[in-house]
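Peer 1: I'm passing along target.cif; it holds mmCIF, C-alpha atoms (C1' of nucleotides).
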```
data_protein
#
loop_
_atom_site.label_atom_id
_atom_site.label_comp_id
_atom_site.auth_asym_id
_atom_site.auth_seq_id
_atom_site.Cartn_x
_atom_site.Cartn_y
_atom_site.Cartn_z
CA MET A 17 5.46 28.18 -43.29
CA SER A 18 2.07 29.17 -44.57
CA VAL A 19 -1.01 27.01 -44.85
CA ASP A 20 -2.00 25.63 -48.24
CA PHE A 21 -5.32 27.16 -49.19
CA SER A 22 -5.59 25.87 -52.74
CA LEU A 23 -8.41 23.48 -51.83
CA TYR A 24 -10.41 26.17 -50.06
CA ASN A 25 -13.82 26.58 -51.69
CA LYS A 26 -15.69 29.86 -51.58
CA VAL A 27 -19.05 28.09 -51.99
CA PHE A 28 -18.59 26.68 -48.50
CA GLU A 29 -17.64 29.98 -46.95
CA ASN A 30 -21.28 30.45 -46.06
CA ARG A 31 -22.35 28.85 -42.80
CA ILE A 32 -25.64 27.50 -44.08
CA ARG A 33 -24.15 25.87 -47.17
CA LEU A 34 -21.36 24.43 -45.05
CA GLN A 35 -23.89 22.87 -42.70
CA ILE A 36 -26.11 21.58 -45.48
CA MET A 37 -23.18 19.74 -47.04
CA SER A 38 -22.10 18.43 -43.68
CA VAL A 39 -25.55 16.95 -43.13
CA LEU A 40 -25.59 15.50 -46.63
CA MET A 41 -22.21 13.87 -46.08
CA ALA A 42 -23.41 12.15 -42.92
CA ASN A 43 -26.77 11.17 -44.42
CA GLU A 44 -27.69 9.67 -47.76
CA GLY A 45 -30.47 12.19 -48.14
CA TYR A 46 -32.27 14.87 -46.17
CA ASP A 47 -35.50 16.70 -46.82
CA PHE A 48 -36.33 20.36 -46.94
CA SER A 49 -38.34 20.71 -43.78
CA SER A 50 -35.89 18.67 -41.72
CA LEU A 51 -33.05 20.87 -42.91
CA LYS A 52 -35.09 23.91 -42.05
CA ASP A 53 -35.63 22.68 -38.48
CA LEU A 54 -32.02 21.69 -38.09
CA LEU A 55 -30.43 24.87 -39.39
CA ASP A 56 -32.90 27.39 -38.03
CA VAL A 57 -33.25 29.49 -41.17
CA THR A 58 -36.18 30.94 -43.06
CA ASP A 59 -37.40 28.81 -45.92
CA GLY A 60 -36.47 31.44 -48.48
CA ASN A 61 -32.93 31.59 -47.23
CA LEU A 62 -32.64 27.82 -47.14
CA ALA A 63 -34.11 27.45 -50.62
CA SER A 64 -31.71 29.96 -52.12
CA ASN A 65 -28.67 28.34 -50.53
CA LEU A 66 -29.83 24.94 -51.72
CA LYS A 67 -30.19 26.39 -55.20
CA THR A 68 -26.62 27.65 -55.07
CA LEU A 69 -25.39 24.18 -54.21
CA GLU A 70 -27.56 22.69 -56.94
CA LYS A 71 -26.25 25.13 -59.54
CA GLU A 72 -22.71 24.13 -58.59
CA GLY A 73 -23.67 20.51 -59.18
CA TYR A 74 -22.97 19.65 -55.55
CA ILE A 75 -26.42 18.32 -54.70
CA THR A 76 -29.41 16.77 -56.45
CA VAL A 77 -33.08 17.36 -55.79
CA GLU A 78 -35.92 14.84 -55.84
CA LYS A 79 -39.52 15.84 -55.43
CA SER A 80 -42.20 13.41 -54.35
CA PHE A 81 -45.18 13.02 -52.08
CA VAL A 82 -44.82 11.49 -48.66
CA ASP A 83 -47.92 11.01 -46.50
CA ARG A 84 -49.81 12.90 -49.18
CA LYS A 85 -47.63 15.93 -48.63
CA PRO A 86 -44.97 17.36 -50.93
CA ASN A 87 -41.50 16.27 -49.94
CA THR A 88 -38.25 17.47 -51.41
CA ARG A 89 -35.20 15.39 -50.79
CA TYR A 90 -31.61 16.51 -51.30
CA LYS A 91 -28.54 14.36 -51.84
CA ARG A 92 -24.88 15.08 -52.35
CA THR A 93 -23.34 14.35 -55.72
CA ASP A 94 -19.90 12.79 -56.10
CA LYS A 95 -18.67 16.16 -57.29
CA GLY A 96 -20.13 17.81 -54.20
CA ALA A 97 -18.65 15.22 -51.88
CA LYS A 98 -15.24 15.68 -53.45
CA ALA A 99 -15.41 19.46 -53.29
CA PHE A 100 -16.50 19.35 -49.67
CA GLU A 101 -13.76 16.94 -48.69
CA ASN A 102 -11.24 19.16 -50.38
CA HIS A 103 -12.53 22.15 -48.49
CA LEU A 104 -12.32 20.27 -45.21
CA SER A 105 -8.73 19.39 -46.05
CA ALA A 106 -7.93 23.07 -46.35
CA LEU A 107 -9.56 23.69 -42.97
CA GLU A 108 -7.80 20.70 -41.49
CA ASN A 109 -4.45 22.12 -42.61
CA LEU A 110 -5.35 25.32 -40.86
CA ILE A 111 -6.17 23.49 -37.66
CA LYS A 112 -3.07 21.32 -37.74
CA GLN A 113 -0.82 24.27 -38.38
CA GLN A 114 -1.63 25.58 -34.93
CA TYR A 115 0.43 22.93 -33.27
CA LYS A 116 3.46 23.36 -35.50
CA MET B 30 -26.77 13.76 -34.69
CA SER B 31 -26.02 17.29 -35.75
CA VAL B 32 -22.77 19.19 -35.36
CA ASP B 33 -22.47 21.78 -32.61
CA PHE B 34 -22.02 25.18 -34.23
CA SER B 35 -22.27 27.37 -31.15
CA LEU B 36 -18.58 28.25 -31.28
CA TYR B 37 -18.70 29.20 -34.96
CA ASN B 38 -17.66 32.82 -35.44
CA LYS B 39 -18.93 34.88 -38.34
CA VAL B 40 -15.88 37.17 -38.20
CA PHE B 41 -13.81 34.24 -39.47
CA GLU B 42 -16.18 33.39 -42.28
CA ASN B 43 -14.04 35.56 -44.53
CA ARG B 44 -11.02 33.83 -46.07
CA ILE B 45 -8.64 36.73 -45.58
CA ARG B 46 -9.51 37.24 -41.91
CA LEU B 47 -9.26 33.49 -41.35
CA GLN B 48 -5.78 33.45 -42.85
CA ILE B 49 -4.63 36.52 -40.98
CA MET B 50 -5.59 34.94 -37.66
CA SER B 51 -4.00 31.69 -38.68
CA VAL B 52 -0.72 33.47 -39.37
CA LEU B 53 -0.96 35.40 -36.10
CA MET B 54 -1.53 32.19 -34.16
CA ALA B 55 1.60 30.61 -35.62
CA ASN B 56 3.68 33.77 -35.24
CA GLU B 57 4.06 36.22 -32.37
CA GLY B 58 3.69 39.10 -34.79
CA TYR B 59 3.53 39.82 -38.49
CA ASP B 60 3.82 43.02 -40.45
CA PHE B 61 1.59 44.60 -43.04
CA SER B 62 3.70 44.12 -46.13
CA SER B 63 4.54 40.52 -45.28
CA LEU B 64 0.85 39.76 -44.84
CA LYS B 65 0.16 41.45 -48.14
CA ASP B 66 2.69 39.26 -49.92
CA LEU B 67 1.48 36.13 -48.21
CA LEU B 68 -2.23 36.60 -48.79
CA ASP B 69 -2.09 38.16 -52.24
CA VAL B 70 -4.59 40.95 -51.65
CA THR B 71 -4.67 44.65 -52.39
CA ASP B 72 -3.48 46.83 -49.54
CA GLY B 73 -6.90 48.44 -49.17
CA ASN B 74 -8.58 45.07 -48.81
CA LEU B 75 -5.98 43.88 -46.32
CA ALA B 76 -6.20 47.09 -44.30
CA SER B 77 -9.97 46.91 -44.04
CA ASN B 78 -9.97 43.28 -42.93
CA LEU B 79 -7.28 44.06 -40.36
CA LYS B 80 -9.44 46.90 -39.12
CA THR B 81 -12.37 44.53 -38.69
CA LEU B 82 -10.23 42.24 -36.56
CA GLU B 83 -8.93 45.21 -34.59
CA LYS B 84 -12.44 46.51 -33.94
CA GLU B 85 -13.40 43.10 -32.60
CA GLY B 86 -10.44 43.29 -30.25
CA TYR B 87 -8.85 40.24 -31.85
CA ILE B 88 -5.57 41.88 -32.84
CA THR B 89 -3.39 44.80 -31.78
CA VAL B 90 -1.44 47.19 -33.97
CA GLU B 91 2.01 48.68 -33.39
CA LYS B 92 3.54 51.27 -35.67
CA SER B 93 7.24 51.97 -35.83
CA PHE B 94 10.08 52.58 -38.24
CA VAL B 95 12.31 49.76 -39.39
CA ASP B 96 15.21 50.51 -41.71
CA ARG B 97 13.92 54.06 -41.88
CA LYS B 98 10.63 52.86 -43.34
CA PRO B 99 7.22 52.72 -41.68
CA ASN B 100 6.40 49.30 -40.35
CA THR B 101 3.10 48.14 -38.91
CA ARG B 102 3.10 45.02 -36.83
CA TYR B 103 0.03 43.03 -35.87
CA LYS B 104 -0.40 40.62 -33.00
CA ARG B 105 -3.22 38.45 -31.77
CA THR B 106 -4.85 39.34 -28.45
CA ASP B 107 -5.85 36.70 -25.92
CA LYS B 108 -9.44 37.37 -26.83
CA GLY B 109 -8.64 36.86 -30.49
CA ALA B 110 -6.73 33.66 -29.83
CA LYS B 111 -9.62 32.31 -27.80
CA ALA B 112 -12.20 33.25 -30.42
CA PHE B 113 -10.13 31.70 -33.16
CA GLU B 114 -9.58 28.49 -31.23
CA ASN B 115 -13.30 28.29 -30.58
CA HIS B 116 -14.00 28.73 -34.24
CA LEU B 117 -11.53 26.01 -35.15
CA SER B 118 -13.27 23.74 -32.65
CA ALA B 119 -16.51 24.23 -34.50
CA LEU B 120 -14.78 23.38 -37.77
CA GLU B 121 -13.05 20.42 -36.17
CA ASN B 122 -16.43 19.06 -35.05
CA LEU B 123 -17.58 19.35 -38.62
CA ILE B 124 -14.59 17.41 -39.89
CA LYS B 125 -14.81 14.72 -37.24
CA GLN B 126 -18.47 14.19 -37.85
CA GLN B 127 -17.65 12.87 -41.31
CA TYR B 128 -16.20 9.69 -39.86
CA LYS B 129 -19.06 9.04 -37.50
"C1'" DT C 22 -64.88 24.87 -52.55
"C1'" DC C 23 -62.04 27.10 -49.43
"C1'" DA C 24 -58.31 26.85 -46.25
"C1'" DT C 25 -53.95 24.77 -45.32
"C1'" DT C 26 -49.30 22.99 -45.94
"C1'" DT C 27 -44.96 22.52 -48.41
"C1'" DA C 28 -41.66 24.29 -50.99
"C1'" DC C 29 -40.56 27.32 -53.23
"C1'" DT C 30 -39.85 32.30 -56.22
"C1'" DT C 31 -39.75 37.15 -56.30
"C1'" DT C 32 -38.73 41.53 -54.55
"C1'" DG C 33 -36.16 44.61 -52.33
"C1'" DT C 34 -33.26 46.01 -48.55
"C1'" DT C 35 -29.15 45.53 -45.93
"C1'" DT C 36 -24.58 43.93 -45.45
"C1'" DT C 37 -20.25 42.60 -47.13
"C1'" DT C 38 -16.54 42.62 -50.20
"C1'" DC C 39 -13.23 44.81 -52.77
"C1'" DA C 40 -10.77 47.62 -56.16
"C1'" DA C 41 -9.21 52.10 -57.25
"C1'" DA C 42 -7.89 56.40 -56.09
"C1'" DG C 43 -6.57 59.68 -52.83
"C1'" DT C 44 -4.00 60.88 -48.40
"C1'" DT C 45 -0.47 61.13 -44.73
"C1'" DC C 46 3.87 60.56 -42.88
"C1'" DT C 47 8.58 59.97 -43.29
"C1'" DT C 48 12.82 59.34 -45.75
"C1'" DT C 49 15.98 60.18 -49.44
"C1'" DG C 50 17.96 62.20 -53.52
"C1'" DG C 51 19.09 66.32 -55.92
"C1'" DC D 28 15.07 72.67 -48.63
"C1'" DC D 29 12.07 70.74 -52.01
"C1'" DA D 30 10.38 66.95 -54.81
"C1'" DA D 31 9.78 62.29 -55.25
"C1'" DA D 32 9.07 57.86 -53.37
"C1'" DG D 33 7.37 54.21 -50.42
"C1'" DA D 34 4.43 52.31 -46.65
"C1'" DA D 35 0.24 52.05 -44.85
"C1'" DC D 36 -3.51 53.44 -44.78
"C1'" DT D 37 -8.69 55.98 -45.68
"C1'" DT D 38 -12.33 57.09 -48.67
"C1'" DT D 39 -15.44 56.25 -52.25
"C1'" DG D 40 -18.28 53.70 -54.74
"C1'" DA D 41 -19.72 49.73 -57.19
"C1'" DA D 42 -20.77 44.90 -57.31
"C1'" DA D 43 -21.99 40.79 -55.06
"C1'" DA D 44 -24.01 38.22 -51.40
"C1'" DA D 45 -27.18 37.45 -47.75
"C1'" DC D 46 -31.69 37.54 -46.13
"C1'" DA D 47 -36.36 38.55 -44.68
"C1'" DA D 48 -40.92 39.10 -46.12
"C1'" DA D 49 -44.42 38.47 -49.08
"C1'" DG D 50 -46.38 36.20 -52.84
"C1'" DT D 51 -47.30 31.74 -55.47
"C1'" DA D 52 -48.39 26.87 -57.03
"C1'" DA D 53 -49.81 22.31 -56.30
"C1'" DA D 54 -52.07 19.06 -53.72
"C1'" DT D 55 -54.79 17.73 -49.84
"C1'" DG D 56 -58.31 17.97 -46.11
"C1'" DA D 57 -62.54 19.74 -44.05
#
```
Mind turning this structure into structure tokens?
Peer 2:
Amino acid sequence: MSVDFSLYNKVFENRIRLQIMSVLMANEGYDFSSLKDLLDVTDGNLASNLKTLEKEGYITVEKSFVDRKPNTRYKRTDKGAKAFENHLSALENLIKQQYK
Amino acid sequence: MSVDFSLYNKVFENRIRLQIMSVLMANEGYDFSSLKDLLDVTDGNLASNLKTLEKEGYITVEKSFVDRKPNTRYKRTDKGAKAFENHLSALENLIKQQYK
DNA sequence: TCATTTACTTTGTTTTTCAAAGTTCTTTGG
DNA sequence: CCAAAGAACTTTGAAAAACAAAGTAAATGA
């Protein structure tokens, strides 16, 4: 009757965090400035949403220098991948339900 | 490369509103107390989220008496159905992208 | 050495969420 | 007929979340 929402994850309720994880699922890693271009957000906003994901243990951060410029690279963790897949399952249930 | 998010709708970023619309897509109508039981929210919270959907023109409200008790019944509008389907499309793109 | 770029952090405002309490309308029991 | 009760709110206010803007650090380039 009703859709199972137990796998729904509030961390991914935010559009920016949802998109960040989506990008990090499709790519092994992605850097700060590329994310910024892709998602069209201010750097402060992006940084704080990345921090939220990091605090949850969903992504890792690696700082280095590329072309003599600072470069910060983000990657999903296994925990993050699992959590995201679970969340997508909840959404998938919602979508499927429509045809029931 | 990146997922199309143009159909993403901020109104449905909230879990409760997302679930309400989901229920109203699968059912012609649904009443207040049944929604309350289903979604496990306080009546104030439910009422305010229903009002948000009503203000957007996504649902309609009909009040009557059933078994001598007040009964409020909610239905999706065409506009609401369209907006919700669009939003699900955006989510579907996100899910599909994972297998690319 | 001074400006510039990247990737933040801090600050503070605005927006959103939500619970709790109060209100209205109608029915029912005494 | 009056009080109590239940449904469905509305109001109030507090807490959390979202963001923009400005400030900062570290390294490089001119």
Peer 1: I need the residue set behind the PyMOL selection byres ((chain B and resi 38) around 9) for this file; please write it as a list in words.
Peer 2: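 On the file shown, the PyMOL selection byres ((chain B and resi 38) around 9) covers Phe34, Ser35, Leu36, Tyr37, Lys39, Val40, Phe41, Glu42, Ala112, Phe113, Asn115, His116 and Ala119 of chain B.
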Peer 1: Write a file of the selected residues as a tab-separated table (two decimals), in the coordinates of the input, keeping C-alpha atoms.
Peer 2:
```
chain	number	residue	atom	x	y	z
B	34	PHE	CA	-22.02	25.18	-34.23
B	35	SER	CA	-22.27	27.37	-31.15
B	36	LEU	CA	-18.58	28.25	-31.28
B	37	TYR	CA	-18.70	29.20	-34.96
B	39	LYS	CA	-18.93	34.88	-38.34
B	40	VAL	CA	-15.88	37.17	-38.20
B	41	PHE	CA	-13.81	34.24	-39.47
B	42	GLU	CA	-16.18	33.39	-42.28
B	112	ALA	CA	-12.20	33.25	-30.42
B	113	PHE	CA	-10.13	31.70	-33.16
B	115	ASN	CA	-13.30	28.29	-30.58
B	116	HIS	CA	-14.00	28.73	-34.24
B	119	ALA	CA	-16.51	24.23	-34.50
```
Peer 1: Quick one: residues within 9 Å of stretch 24-35 of chain C, all atoms listed in the file counted, chain neighbours fewer than 3 positions away excluded, as a CSV table (one decimal) with C-alpha atoms (C1' of nucleotides), keeping the file's coordinate frame?
Peer 2:
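So part24.csv came out as:
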```
chain,number,residue,atom,x,y,z
A,48,PHE,CA,-36.3,20.4,-46.9
A,49,SER,CA,-38.3,20.7,-43.8
A,59,ASP,CA,-37.4,28.8,-45.9
A,60,GLY,CA,-36.5,31.4,-48.5
A,63,ALA,CA,-34.1,27.4,-50.6
A,85,LYS,CA,-47.6,15.9,-48.6
A,86,PRO,CA,-45.0,17.4,-50.9
A,87,ASN,CA,-41.5,16.3,-49.9
A,88,THR,CA,-38.2,17.5,-51.4
D,45,DA,C1',-27.2,37.4,-47.8
D,46,DC,C1',-31.7,37.5,-46.1
D,47,DA,C1',-36.4,38.6,-44.7
D,49,DA,C1',-44.4,38.5,-49.1
D,50,DG,C1',-46.4,36.2,-52.8
D,51,DT,C1',-47.3,31.7,-55.5
D,52,DA,C1',-48.4,26.9,-57.0
D,55,DT,C1',-54.8,17.7,-49.8
D,56,DG,C1',-58.3,18.0,-46.1
D,57,DA,C1',-62.5,19.7,-44.0
```
Peer 1: Report as a VMD selection string the full result of the PyMOL selection byres ((chain C and resi 46) around 10) when it is applied to this structure.
Peer 2: (chain B and resid 99) or (chain C and resid 44 to 45 47 to 48) or (chain D and resid 34 to 35)
Peer 1: Can you give chain A as a PDB file with C-alpha atoms, in the frame of the given file after you superpose it on chain B, pairing all C-alpha atoms in order for the least-squares fit?
Peer 2:
```pdb
ATOM      1  CA  MET A  17     -26.755  13.781 -34.797  1.00  0.00           C
ATOM      2  CA  SER A  18     -26.006  17.307 -35.857  1.00  0.00           C
ATOM      3  CA  VAL A  19     -22.771  19.202 -35.439  1.00  0.00           C
ATOM      4  CA  ASP A  20     -22.477  21.770 -32.664  1.00  0.00           C
ATOM      5  CA  PHE A  21     -22.036  25.162 -34.265  1.00  0.00           C
ATOM      6  CA  SER A  22     -22.282  27.331 -31.171  1.00  0.00           C
ATOM      7  CA  LEU A  23     -18.582  28.216 -31.299  1.00  0.00           C
ATOM      8  CA  TYR A  24     -18.718  29.180 -34.963  1.00  0.00           C
ATOM      9  CA  ASN A  25     -17.668  32.805 -35.424  1.00  0.00           C
ATOM     10  CA  LYS A  26     -18.932  34.884 -38.313  1.00  0.00           C
ATOM     11  CA  VAL A  27     -15.869  37.161 -38.164  1.00  0.00           C
ATOM     12  CA  PHE A  28     -13.795  34.241 -39.408  1.00  0.00           C
ATOM     13  CA  GLU A  29     -16.153  33.350 -42.208  1.00  0.00           C
ATOM     14  CA  ASN A  30     -14.065  35.535 -44.473  1.00  0.00           C
ATOM     15  CA  ARG A  31     -11.060  33.828 -46.018  1.00  0.00           C
ATOM     16  CA  ILE A  32      -8.670  36.715 -45.534  1.00  0.00           C
ATOM     17  CA  ARG A  33      -9.507  37.228 -41.865  1.00  0.00           C
ATOM     18  CA  LEU A  34      -9.268  33.489 -41.301  1.00  0.00           C
ATOM     19  CA  GLN A  35      -5.795  33.438 -42.814  1.00  0.00           C
ATOM     20  CA  ILE A  36      -4.628  36.528 -40.966  1.00  0.00           C
ATOM     21  CA  MET A  37      -5.566  34.959 -37.640  1.00  0.00           C
ATOM     22  CA  SER A  38      -3.970  31.696 -38.629  1.00  0.00           C
ATOM     23  CA  VAL A  39      -0.703  33.491 -39.340  1.00  0.00           C
ATOM     24  CA  LEU A  40      -0.946  35.422 -36.090  1.00  0.00           C
ATOM     25  CA  MET A  41      -1.500  32.219 -34.135  1.00  0.00           C
ATOM     26  CA  ALA A  42       1.630  30.642 -35.585  1.00  0.00           C
ATOM     27  CA  ASN A  43       3.709  33.811 -35.219  1.00  0.00           C
ATOM     28  CA  GLU A  44       4.069  36.267 -32.374  1.00  0.00           C
ATOM     29  CA  GLY A  45       3.695  39.139 -34.789  1.00  0.00           C
ATOM     30  CA  TYR A  46       3.527  39.826 -38.504  1.00  0.00           C
ATOM     31  CA  ASP A  47       3.811  43.032 -40.464  1.00  0.00           C
ATOM     32  CA  PHE A  48       1.586  44.596 -43.053  1.00  0.00           C
ATOM     33  CA  SER A  49       3.679  44.107 -46.140  1.00  0.00           C
ATOM     34  CA  SER A  50       4.527  40.509 -45.278  1.00  0.00           C
ATOM     35  CA  LEU A  51       0.847  39.744 -44.833  1.00  0.00           C
ATOM     36  CA  LYS A  52       0.138  41.406 -48.130  1.00  0.00           C
ATOM     37  CA  ASP A  53       2.686  39.204 -49.920  1.00  0.00           C
ATOM     38  CA  LEU A  54       1.476  36.092 -48.185  1.00  0.00           C
ATOM     39  CA  LEU A  55      -2.238  36.541 -48.768  1.00  0.00           C
ATOM     40  CA  ASP A  56      -2.134  38.069 -52.225  1.00  0.00           C
ATOM     41  CA  VAL A  57      -4.641  40.851 -51.617  1.00  0.00           C
ATOM     42  CA  THR A  58      -4.720  44.545 -52.394  1.00  0.00           C
ATOM     43  CA  ASP A  59      -3.550  46.758 -49.576  1.00  0.00           C
ATOM     44  CA  GLY A  60      -6.959  48.365 -49.213  1.00  0.00           C
ATOM     45  CA  ASN A  61      -8.633  45.025 -48.811  1.00  0.00           C
ATOM     46  CA  LEU A  62      -6.028  43.846 -46.335  1.00  0.00           C
ATOM     47  CA  ALA A  63      -6.226  47.064 -44.331  1.00  0.00           C
ATOM     48  CA  SER A  64      -9.994  46.892 -44.044  1.00  0.00           C
ATOM     49  CA  ASN A  65      -9.967  43.270 -42.917  1.00  0.00           C
ATOM     50  CA  LEU A  66      -7.279  44.057 -40.371  1.00  0.00           C
ATOM     51  CA  LYS A  67      -9.436  46.908 -39.122  1.00  0.00           C
ATOM     52  CA  THR A  68     -12.356  44.535 -38.676  1.00  0.00           C
ATOM     53  CA  LEU A  69     -10.220  42.251 -36.553  1.00  0.00           C
ATOM     54  CA  GLU A  70      -8.918  45.224 -34.591  1.00  0.00           C
ATOM     55  CA  LYS A  71     -12.423  46.534 -33.937  1.00  0.00           C
ATOM     56  CA  GLU A  72     -13.375  43.110 -32.594  1.00  0.00           C
ATOM     57  CA  GLY A  73     -10.417  43.313 -30.231  1.00  0.00           C
ATOM     58  CA  TYR A  74      -8.828  40.261 -31.833  1.00  0.00           C
ATOM     59  CA  ILE A  75      -5.557  41.899 -32.841  1.00  0.00           C
ATOM     60  CA  THR A  76      -3.371  44.822 -31.802  1.00  0.00           C
ATOM     61  CA  VAL A  77      -1.440  47.206 -34.002  1.00  0.00           C
ATOM     62  CA  GLU A  78       2.004  48.692 -33.415  1.00  0.00           C
ATOM     63  CA  LYS A  79       3.504  51.285 -35.686  1.00  0.00           C
ATOM     64  CA  SER A  80       7.216  51.950 -35.850  1.00  0.00           C
ATOM     65  CA  PHE A  81      10.069  52.559 -38.232  1.00  0.00           C
ATOM     66  CA  VAL A  82      12.261  49.728 -39.391  1.00  0.00           C
ATOM     67  CA  ASP A  83      15.207  50.473 -41.687  1.00  0.00           C
ATOM     68  CA  ARG A  84      13.912  54.027 -41.829  1.00  0.00           C
ATOM     69  CA  LYS A  85      10.665  52.822 -43.326  1.00  0.00           C
ATOM     70  CA  PRO A  86       7.230  52.715 -41.714  1.00  0.00           C
ATOM     71  CA  ASN A  87       6.399  49.294 -40.366  1.00  0.00           C
ATOM     72  CA  THR A  88       3.104  48.169 -38.936  1.00  0.00           C
ATOM     73  CA  ARG A  89       3.094  45.053 -36.863  1.00  0.00           C
ATOM     74  CA  TYR A  90       0.023  43.044 -35.894  1.00  0.00           C
ATOM     75  CA  LYS A  91      -0.385  40.642 -32.995  1.00  0.00           C
ATOM     76  CA  ARG A  92      -3.205  38.486 -31.741  1.00  0.00           C
ATOM     77  CA  THR A  93      -4.831  39.359 -28.446  1.00  0.00           C
ATOM     78  CA  ASP A  94      -5.820  36.728 -25.895  1.00  0.00           C
ATOM     79  CA  LYS A  95      -9.423  37.415 -26.809  1.00  0.00           C
ATOM     80  CA  GLY A  96      -8.617  36.885 -30.479  1.00  0.00           C
ATOM     81  CA  ALA A  97      -6.713  33.692 -29.801  1.00  0.00           C
ATOM     82  CA  LYS A  98      -9.600  32.336 -27.768  1.00  0.00           C
ATOM     83  CA  ALA A  99     -12.187  33.270 -30.372  1.00  0.00           C
ATOM     84  CA  PHE A 100     -10.116  31.705 -33.123  1.00  0.00           C
ATOM     85  CA  GLU A 101      -9.573  28.503 -31.194  1.00  0.00           C
ATOM     86  CA  ASN A 102     -13.271  28.296 -30.549  1.00  0.00           C
ATOM     87  CA  HIS A 103     -13.988  28.739 -34.219  1.00  0.00           C
ATOM     88  CA  LEU A 104     -11.508  26.021 -35.115  1.00  0.00           C
ATOM     89  CA  SER A 105     -13.250  23.742 -32.638  1.00  0.00           C
ATOM     90  CA  ALA A 106     -16.495  24.242 -34.506  1.00  0.00           C
ATOM     91  CA  LEU A 107     -14.734  23.401 -37.771  1.00  0.00           C
ATOM     92  CA  GLU A 108     -13.018  20.448 -36.170  1.00  0.00           C
ATOM     93  CA  ASN A 109     -16.398  19.079 -35.077  1.00  0.00           C
ATOM     94  CA  LEU A 110     -17.544  19.379 -38.642  1.00  0.00           C
ATOM     95  CA  ILE A 111     -14.538  17.473 -39.904  1.00  0.00           C
ATOM     96  CA  LYS A 112     -14.776  14.749 -37.288  1.00  0.00           C
ATOM     97  CA  GLN A 113     -18.453  14.239 -37.914  1.00  0.00           C
ATOM     98  CA  GLN A 114     -17.639  12.924 -41.361  1.00  0.00           C
ATOM     99  CA  TYR A 115     -16.274   9.719 -39.986  1.00  0.00           C
ATOM    100  CA  LYS A 116     -19.169   9.057 -37.637  1.00  0.00           C
TER     101      LYS A 116
END
```
Peer 1: Kindly provide, as a list of chain:residue names, the polymer residues lying within 8 Å of (-16.8, 51.3, -53.9), counting only C-alpha atoms (C1' of nucleotides) and using the coordinates exactly as they appear in the file.
Peer 2: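 The residues near that point, listed by chain and number, are C:DC39, C:DA40, D:DT39, D:DG40, D:DA41.
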Peer 1: Counting all atoms listed in the file, what is within 10 Å of A:Met41, bar same-chain residues fewer than 3 positions away, as a PDB file with C-alpha atoms, keeping the file's coordinate frame?
Peer 2:
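Generated output (result04.pdb):
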```pdb
ATOM      1  CA  GLN A  35     -23.890  22.870 -42.700  1.00  0.00           C
ATOM      2  CA  ILE A  36     -26.110  21.580 -45.480  1.00  0.00           C
ATOM      3  CA  MET A  37     -23.180  19.740 -47.040  1.00  0.00           C
ATOM      4  CA  SER A  38     -22.100  18.430 -43.680  1.00  0.00           C
ATOM      5  CA  GLU A  44     -27.690   9.670 -47.760  1.00  0.00           C
ATOM      6  CA  GLY A  45     -30.470  12.190 -48.140  1.00  0.00           C
ATOM      7  CA  LYS A  91     -28.540  14.360 -51.840  1.00  0.00           C
ATOM      8  CA  ARG A  92     -24.880  15.080 -52.350  1.00  0.00           C
ATOM      9  CA  THR A  93     -23.340  14.350 -55.720  1.00  0.00           C
ATOM     10  CA  GLY A  96     -20.130  17.810 -54.200  1.00  0.00           C
ATOM     11  CA  ALA A  97     -18.650  15.220 -51.880  1.00  0.00           C
ATOM     12  CA  PHE A 100     -16.500  19.350 -49.670  1.00  0.00           C
ATOM     13  CA  GLU A 101     -13.760  16.940 -48.690  1.00  0.00           C
TER      14      GLU A 101
ATOM     15  CA  GLN B 126     -18.470  14.190 -37.850  1.00  0.00           C
ATOM     16  CA  GLN B 127     -17.650  12.870 -41.310  1.00  0.00           C
ATOM     17  CA  TYR B 128     -16.200   9.690 -39.860  1.00  0.00           C
TER      18      TYR B 128
END
```
Peer 1: Given the choices A:Ile75, A:Ala42, A:Ile32, A:Leu62, which gets closest to chain B if the distance is worked out from only C-alpha atoms?
Peer 2: A:Ala42
Peer 1: Can you work out the spacing between atom CA of B:Asp107 and atom C1' of C:DT36 in Å, to one decimal?
Peer 2: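 Rounded to one decimal, the two atoms are 28.0 Å apart.
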Peer 1: Please measure the separation of atom CA of B:Asp33 and atom CA of B:Ile124, giving the value in Å to one decimal.
Peer 2: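 One can read the atom CA of B:Asp33 to atom CA of B:Ile124 distance as 11.6 Å.
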Peer 1: Could you check how far atom C1' of D:DA42 sits from atom CA of B:Val70, in Å to one decimal?
Peer 2: 17.6 Å
Peer 1: Identify which of the residues A:Leu69, A:Val82, A:Leu40, A:Val77 lies closest to chain B, counting all atoms listed in the file when measuring atom-to-atom distances.
Peer 2: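 Checking each candidate against chain B, we get A:Leu40 as the closest.
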Peer 1: To verify the selection step, state as a PDB file with C-alpha atoms (C1' of nucleotides), in the frame of the given file which residues the PyMOL selection byres ((chain C and resi 50) around 9) yields on this input.
Peer 2:
```
ATOM      1  C1'  DT C  49      15.980  60.180 -49.440  1.00  0.00           C
ATOM      2  C1'  DG C  51      19.090  66.320 -55.920  1.00  0.00           C
TER       3       DG C  51
ATOM      4  C1'  DA D  31       9.780  62.290 -55.250  1.00  0.00           C
TER       5       DA D  31
END
```
